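Participant: Structure: work23.pdb, PDB, C-alpha atoms.
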ATOM      1  CA  PRO F   1      61.701 -11.843 -22.486
ATOM      2  CA  THR F   2      59.854 -14.153 -24.809
ATOM      3  CA  ALA F   3      57.723 -12.455 -27.454
ATOM      4  CA  PRO F   4      54.025 -13.349 -27.330
ATOM      5  CA  PRO F   5      52.854 -15.675 -30.086
ATOM      6  CA  ALA F   6      51.579 -13.941 -33.176
ATOM      7  CA  SER F   7      47.826 -13.775 -33.577
ATOM      8  CA  PRO F   8      46.536 -16.020 -36.353
ATOM      9  CA  THR F   9      45.667 -14.138 -39.498
ATOM     10  CA  ALA F  10      42.019 -14.456 -40.447
ATOM     11  CA  SER F  11      41.435 -15.812 -43.944
ATOM     12  CA  PRO F  12      39.497 -13.399 -46.132
ATOM     13  CA  THR F  13      35.928 -14.507 -46.785
ATOM     14  CA  ALA F  14      35.189 -14.835 -50.469
ATOM     15  CA  SER F  15      32.054 -13.059 -51.650
ATOM     16  CA  PRO F  16      29.465 -15.472 -53.009
ATOM     17  CA  THR F  17      29.212 -15.472 -56.783
ATOM     18  CA  PRO F  18      25.866 -13.970 -57.781
ATOM     19  CA  MET F  19      23.564 -16.274 -59.668
ATOM     20  CA  PRO F  20      22.934 -15.341 -63.298
ATOM     21  CA  GLU F  21      19.432 -14.121 -64.048
ATOM     22  CA  VAL F  22      17.120 -13.552 -66.966
ATOM     23  CA  THR F  23      17.410  -9.830 -67.660
ATOM     24  CA  ASP F  24      14.567  -9.396 -70.148
ATOM     25  CA  VAL F  25      11.839 -11.240 -72.024
ATOM     26  CA  ALA F  26      10.347  -9.483 -75.047
ATOM     27  CA  TYR F  27       7.408 -10.313 -77.326
ATOM     28  CA  SER F  28       7.175  -9.171 -80.948
ATOM     29  CA  VAL F  29       3.379  -8.948 -80.707
ATOM     30  CA  GLY F  30       1.531  -8.198 -77.487
ATOM     31  CA  THR F  31       1.983  -5.997 -74.453
ATOM     32  CA  PRO F  32       3.251  -7.726 -71.299
ATOM     33  CA  SER F  33       2.385  -6.354 -67.891
ATOM     34  CA  PRO F  34       3.952  -5.635 -65.564
ATOM     35  CA  ALA F  35       7.321  -4.918 -67.172
ATOM     36  CA  PHE F  36       9.715  -7.851 -66.830
ATOM     37  CA  ALA F  37      11.737  -8.179 -63.630
ATOM     38  CA  SER F  38      13.749 -11.255 -62.697
ATOM     39  CA  ASP F  39      12.049 -11.439 -59.295
ATOM     40  CA  SER F  40       8.489 -11.240 -60.683
ATOM     41  CA  PHE F  41       7.056 -14.476 -61.993
ATOM     42  CA  GLU F  42       3.454 -13.895 -63.153
ATOM     43  CA  TYR F  43       2.507 -11.665 -66.097
ATOM     44  CA  LEU F  44      -0.307 -10.876 -68.504
ATOM     45  CA  LEU F  45       0.342 -10.688 -72.246
ATOM     46  CA  THR F  46      -2.369  -8.642 -73.960
ATOM     47  CA  LEU F  47      -2.760  -9.197 -77.699
ATOM     48  CA  VAL F  48      -5.076  -7.674 -80.292
ATOM     49  CA  HIS F  49      -7.922  -9.858 -81.573
ATOM     50  CA  GLU F  50      -6.562 -13.288 -82.423
ATOM     51  CA  PRO F  51      -3.039 -12.644 -83.715
ATOM     52  CA  ALA F  52      -1.516 -15.451 -85.774
ATOM     53  CA  SER F  53       1.621 -15.651 -83.627
ATOM     54  CA  THR F  54       4.142 -13.826 -81.473
ATOM     55  CA  ASP F  55       7.917 -14.203 -81.095
ATOM     56  CA  VAL F  56       9.450 -14.514 -77.625
ATOM     57  CA  THR F  57      13.068 -13.511 -76.989
ATOM     58  CA  ALA F  58      14.930 -13.859 -73.673
ATOM     59  CA  THR F  59      18.261 -12.358 -72.615
ATOM     60  CA  TYR F  60      20.448 -13.432 -69.668
ATOM     61  CA  ASP F  61      23.443 -12.105 -67.751
ATOM     62  CA  GLY F  62      25.153 -15.487 -67.403
ATOM     63  CA  ALA F  63      24.971 -19.199 -68.144
ATOM     64  CA  LEU F  64      21.366 -20.368 -67.885
ATOM     65  CA  SER F  65      19.361 -23.215 -69.361
ATOM     66  CA  THR F  66      15.823 -22.308 -70.375
ATOM     67  CA  ARG F  67      12.809 -24.180 -71.684
ATOM     68  CA  ILE F  68       9.723 -22.428 -73.056
ATOM     69  CA  VAL F  69       6.368 -24.179 -73.418
ATOM     70  CA  TYR F  70       2.852 -23.210 -74.461
ATOM     71  CA  ILE F  71       0.114 -24.487 -72.152
ATOM     72  CA  SER F  72      -3.495 -24.968 -73.239
ATOM     73  CA  THR F  73      -5.869 -24.022 -70.451
ATOM     74  CA  ALA F  74      -8.629 -26.149 -71.992
ATOM     75  CA  THR F  75      -6.624 -29.402 -72.079
ATOM     76  CA  ASN F  76      -3.636 -28.625 -69.817
ATOM     77  CA  ALA F  77      -1.447 -29.970 -72.642
ATOM     78  CA  GLU F  78       2.063 -28.578 -73.081
ATOM     79  CA  ARG F  79       3.563 -27.693 -76.458
ATOM     80  CA  GLU F  80       7.315 -27.170 -76.422
ATOM     81  CA  ILE F  81       8.525 -23.969 -78.053
ATOM     82  CA  CYS F  82      12.232 -24.479 -77.346
ATOM     83  CA  ASN F  83      14.552 -26.395 -75.019
ATOM     84  CA  ASN F  84      17.982 -25.061 -74.060
ATOM     85  CA  CYS F  85      16.745 -21.917 -75.776
ATOM     86  CA  ALA F  86      19.474 -19.748 -77.243
ATOM     87  CA  GLU F  87      19.873 -16.313 -75.701
ATOM     88  CA  ALA F  88      18.661 -13.304 -77.710
ATOM     89  CA  THR F  89      16.973 -15.607 -80.221
ATOM     90  CA  ALA F  90      13.354 -15.159 -81.287
ATOM     91  CA  TYR F  91      11.143 -18.242 -81.006
ATOM     92  CA  THR F  92       7.737 -18.183 -82.674
ATOM     93  CA  VAL F  93       4.650 -19.151 -80.675
ATOM     94  CA  THR F  94       1.601 -19.959 -82.831
ATOM     95  CA  ASP F  95      -2.075 -20.880 -82.319
ATOM     96  CA  LEU F  96      -2.625 -18.355 -79.555
ATOM     97  CA  VAL F  97      -5.820 -18.714 -77.501
ATOM     98  CA  HIS F  98      -7.266 -16.434 -74.836
ATOM     99  CA  ASN F  99      -6.316 -17.464 -71.289
ATOM    100  CA  ASP F 100      -3.651 -19.954 -72.413
ATOM    101  CA  LYS F 101      -0.141 -19.560 -70.999
ATOM    102  CA  ILE F 102       3.443 -19.207 -72.167
ATOM    103  CA  ARG F 103       5.808 -20.556 -69.517
ATOM    104  CA  MET F 104       9.590 -20.314 -69.254
ATOM    105  CA  VAL F 105      11.469 -22.578 -66.828
ATOM    106  CA  VAL F 106      14.985 -21.350 -66.044
ATOM    107  CA  THR F 107      17.655 -23.665 -64.599
ATOM    108  CA  ARG F 108      20.608 -21.987 -62.898
ATOM    109  CA  PRO F 109      24.172 -23.354 -62.576
ATOM    110  CA  ASP F 110      23.375 -24.684 -59.070
ATOM    111  CA  THR F 111      20.394 -26.610 -60.609
ATOM    112  CA  SER F 112      17.816 -24.426 -58.845
ATOM    113  CA  THR F 113      14.932 -23.355 -61.071
ATOM    114  CA  VAL F 114      12.620 -20.387 -61.440
ATOM    115  CA  THR F 115       9.473 -20.259 -63.549
ATOM    116  CA  TYR F 116       7.981 -17.286 -65.386
ATOM    117  CA  THR F 117       4.418 -17.405 -66.737
ATOM    118  CA  TRP F 118       2.545 -15.128 -69.141
ATOM    119  CA  THR F 119      -1.243 -15.543 -69.340
ATOM    120  CA  LEU F 120      -2.671 -14.512 -72.714
ATOM    121  CA  VAL F 121      -5.382 -11.866 -72.824
ATOM    122  CA  ILE F 122      -7.014 -11.745 -76.272
ATOM    123  CA  PRO F 123     -10.141  -9.552 -76.481
ATOM    124  CA  GLU F 124     -13.027 -10.899 -78.536
ATOM    125  CA  PRO F 125     -13.697  -8.890 -81.717
ATOM    126  CA  THR F 126     -16.835  -6.771 -82.029
ATOM    127  CA  LEU F 127     -18.688  -4.966 -84.808
ATOM    128  CA  THR F 128     -17.198  -1.594 -85.706
ATOM    129  CA  ASN F 129     -19.901  -0.200 -87.996
ATOM    130  CA  ALA F 130     -23.187  -0.833 -89.791
ATOM    131  CA  VAL F 131     -23.853   1.170 -92.951
ATOM    132  CA  TYR F 132     -27.132   1.750 -94.809
ATOM    133  CA  PRO F 133     -26.955   3.517 -98.203
ATOM    134  CA  ALA F 134     -28.228   7.086 -98.509
ATOM    135  CA  PRO F 135     -30.838   8.362 -98.143
ATOM    136  CA  GLY F 136     -31.347   5.794 -95.369
ATOM    137  CA  ALA F 137     -30.036   6.982 -92.018
ATOM    138  CA  TYR F 138     -30.219   5.726 -88.474
ATOM    139  CA  ALA F 139     -29.795   7.259 -85.071
ATOM    140  CA  PRO F 140     -27.919   7.328 -82.842
ATOM    141  CA  ALA F 141     -24.595   6.810 -84.622
ATOM    142  CA  PHE F 142     -23.281   3.252 -84.420
ATOM    143  CA  ASP F 143     -21.704   2.273 -81.124
ATOM    144  CA  LYS F 144     -20.900  -1.330 -80.249
ATOM    145  CA  GLU F 145     -22.324  -0.748 -76.771
ATOM    146  CA  VAL F 146     -25.674   0.532 -78.131
ATOM    147  CA  TYR F 147     -28.194  -2.067 -79.317
ATOM    148  CA  ASP F 148     -31.327  -0.199 -80.449
ATOM    149  CA  TYR F 149     -31.558   2.310 -83.323
ATOM    150  CA  ILE F 150     -34.171   4.100 -85.442
ATOM    151  CA  LEU F 151     -33.671   3.620 -89.218
ATOM    152  CA  THR F 152     -35.342   6.282 -91.373
ATOM    153  CA  LEU F 153     -35.874   5.509 -95.085
ATOM    154  CA  GLU F 154     -37.193   7.640 -97.915
ATOM    155  CA  THR F 155     -40.951   7.768 -98.476
ATOM    156  CA  GLY F 156     -42.237   4.646-100.218
ATOM    157  CA  ALA F 157     -39.068   2.594 -99.675
ATOM    158  CA  THR F 158     -39.666  -1.150 -99.426
ATOM    159  CA  SER F 159     -36.062  -2.330 -99.224
ATOM    160  CA  THR F 160     -32.578  -1.273 -98.222
ATOM    161  CA  SER F 161     -29.148  -2.857 -97.854
ATOM    162  CA  LEU F 162     -26.798  -3.189 -94.923
ATOM    163  CA  THR F 163     -23.018  -3.560 -94.762
ATOM    164  CA  VAL F 164     -21.344  -4.476 -91.476
ATOM    165  CA  SER F 165     -17.677  -4.338 -90.502
ATOM    166  CA  LYS F 166     -15.795  -5.742 -87.531
ATOM    167  CA  GLU F 167     -12.489  -5.871 -85.721
ATOM    168  CA  PRO F 168      -9.976  -8.571 -86.770
ATOM    169  CA  GLY F 169     -10.737 -12.057 -85.489
ATOM    170  CA  ASP F 170     -13.521 -14.630 -85.673
ATOM    171  CA  LEU F 171     -16.985 -13.179 -85.169
ATOM    172  CA  THR F 172     -20.268 -14.681 -86.373
ATOM    173  CA  THR F 173     -23.042 -12.253 -87.276
ATOM    174  CA  ASP F 174     -26.605 -13.170 -88.281
ATOM    175  CA  ILE F 175     -29.009 -10.593 -89.734
ATOM    176  CA  VAL F 176     -32.795 -10.975 -89.660
ATOM    177  CA  HIS F 177     -35.747  -8.805 -90.667
ATOM    178  CA  VAL F 178     -38.361  -8.632 -87.938
ATOM    179  CA  ARG F 179     -41.754  -7.855 -89.510
ATOM    180  CA  THR F 180     -43.540  -6.259 -86.592
ATOM    181  CA  SER F 181     -46.923  -5.945 -88.337
ATOM    182  CA  ALA F 182     -46.940  -9.587 -89.421
ATOM    183  CA  GLY F 183     -45.272 -10.899 -86.292
ATOM    184  CA  THR F 184     -42.762 -12.864 -88.385
ATOM    185  CA  THR F 185     -38.989 -12.977 -88.798
ATOM    186  CA  ALA F 186     -37.132 -13.385 -92.104
ATOM    187  CA  GLU F 187     -33.507 -14.500 -92.219
ATOM    188  CA  ILE F 188     -31.318 -12.148 -94.262
ATOM    189  CA  CYS F 189     -27.988 -13.922 -93.748
ATOM    190  CA  THR F 190     -26.336 -16.361 -91.365
ATOM    191  CA  GLY F 191     -22.614 -16.126 -90.762
ATOM    192  CA  CYS F 192     -22.718 -12.879 -92.723
ATOM    193  CA  GLN F 193     -19.638 -11.625 -94.526
ATOM    194  CA  TYR F 194     -18.099  -8.316 -93.528
ATOM    195  CA  ALA F 195     -17.335  -5.042 -95.287
ATOM    196  CA  VAL F 196     -17.359  -6.458 -98.826
ATOM    197  CA  GLN F 197     -20.973  -7.623 -98.876
ATOM    198  CA  ALA F 198     -24.152  -5.543 -98.832
ATOM    199  CA  TYR F 199     -27.258  -7.433 -97.709
ATOM    200  CA  ASP F 200     -30.670  -6.440 -99.088
TER     201      ASP F 200
END
Just give me the structure as structure tokens.
Facilitator:
Amino acid sequence: PTAPPASPTASPTASPTPMPEVTDVAYSVGTPSPAFASDSFEYLLTLVHEPASTDVTATYDGALSTRIVYISTATNAEREICNNCAEATAYTVTDLVHNDKIRMVVTRPDTSTVTYTWTLVIPEPTLTNAVYPAPGAYAPAFDKEVYDYILTLETGATSTSLTVSKEPGDLTTDIVHVRTSAGTTAEICTGCQYAVQAYD
């Protein structure tokens, strides 16, 4: 008898090679949220009161080409931070402005791209304290969310001084004396200095 023909042997199917990914993006100053994940593309980067700069560092698990830019929300202009950015290398981003964006475009070996964006959140500074010399005292205690106080001076006092302090960042403070009995206002200072200057 003739033996039946042998069944053809199926060729093994090769597993597709996984695409390399960005594994982490870290900032030297600022708190990103949520934590970085390669499949999440939109983030917030919260910084403290007008920092001068922050360094951004990206790490990968394979061959990737990356470009990082800074985008001004006001003008939509792009400022290049790095192109073909080196892995695990810190690149400094300066002139940070609230609501602007840091964007990283990643090109994979198959030429597909993914884009990650961090929107800057920079709180505006506020006053932290206002100090009158003893025996002057005011109530309640200073709180940036409280706007009206009672200032008690010693009997016969006709003047006092005031020192104000603030959080880091640009903040313009003007101080005036409102003379209730005369119905007039006297300017004490405009663009007042902070902490080091007492105003009479």
Participant: Could you tell me, as a PyMOL selection string, exactly which residues end up selected when the PyMOL selection byres ((chain F and resi 94) around 9) is applied to this structure?
Facilitator: chain F and resi 51-55+92-93+95-96
Participant: For Leu171 of chain F, which residue among F:Ala77, F:Ala134, F:Cys192, F:Val114 is the nearest when counting all atoms listed in the file?
Facilitator: F:Cys192
Participant: Excluding Glu145 of chain F and its own-chain neighbours fewer than 2 positions away, which residues fall within 12 Å of it when counting all atoms listed in the file? Please give them as a list in words.
Facilitator: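 Using all atoms listed in the file, the neighbours found are Thr126, Leu127, Thr128, Asn129, Pro140, Ala141, Phe142, Asp143, Tyr147, Asp148 and Tyr149 of chain F.
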Participant: In Å, with one decimal, what is the gap from atom CA of Glu154 of chain F to atom CA of Gly136 of chain F?
Facilitator: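 Atom CA of Glu154 of chain F sits 6.6 Å away from atom CA of Gly136 of chain F.
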Participant: Find the residues around segment 122-124 of chain F up to 8 Å (only C-alpha atoms counted), leave out those fewer than 5 positions away in its own chain, and share them as a VMD selection string.
Facilitator: chain F and resid 46 to 50 97 to 99 169
Participant: So which residues get picked by the PyMOL selection byres ((chain F and resi 30) around 7) here, written as JSON, numbers by chain?
Facilitator: {"F": [27, 28, 29, 31, 32, 45, 46, 47]}
Participant: Work out how far atom CA of Tyr70 of chain F is from atom CA of Thr117 of chain F, in Å to one decimal.
Facilitator: 9.8 Å
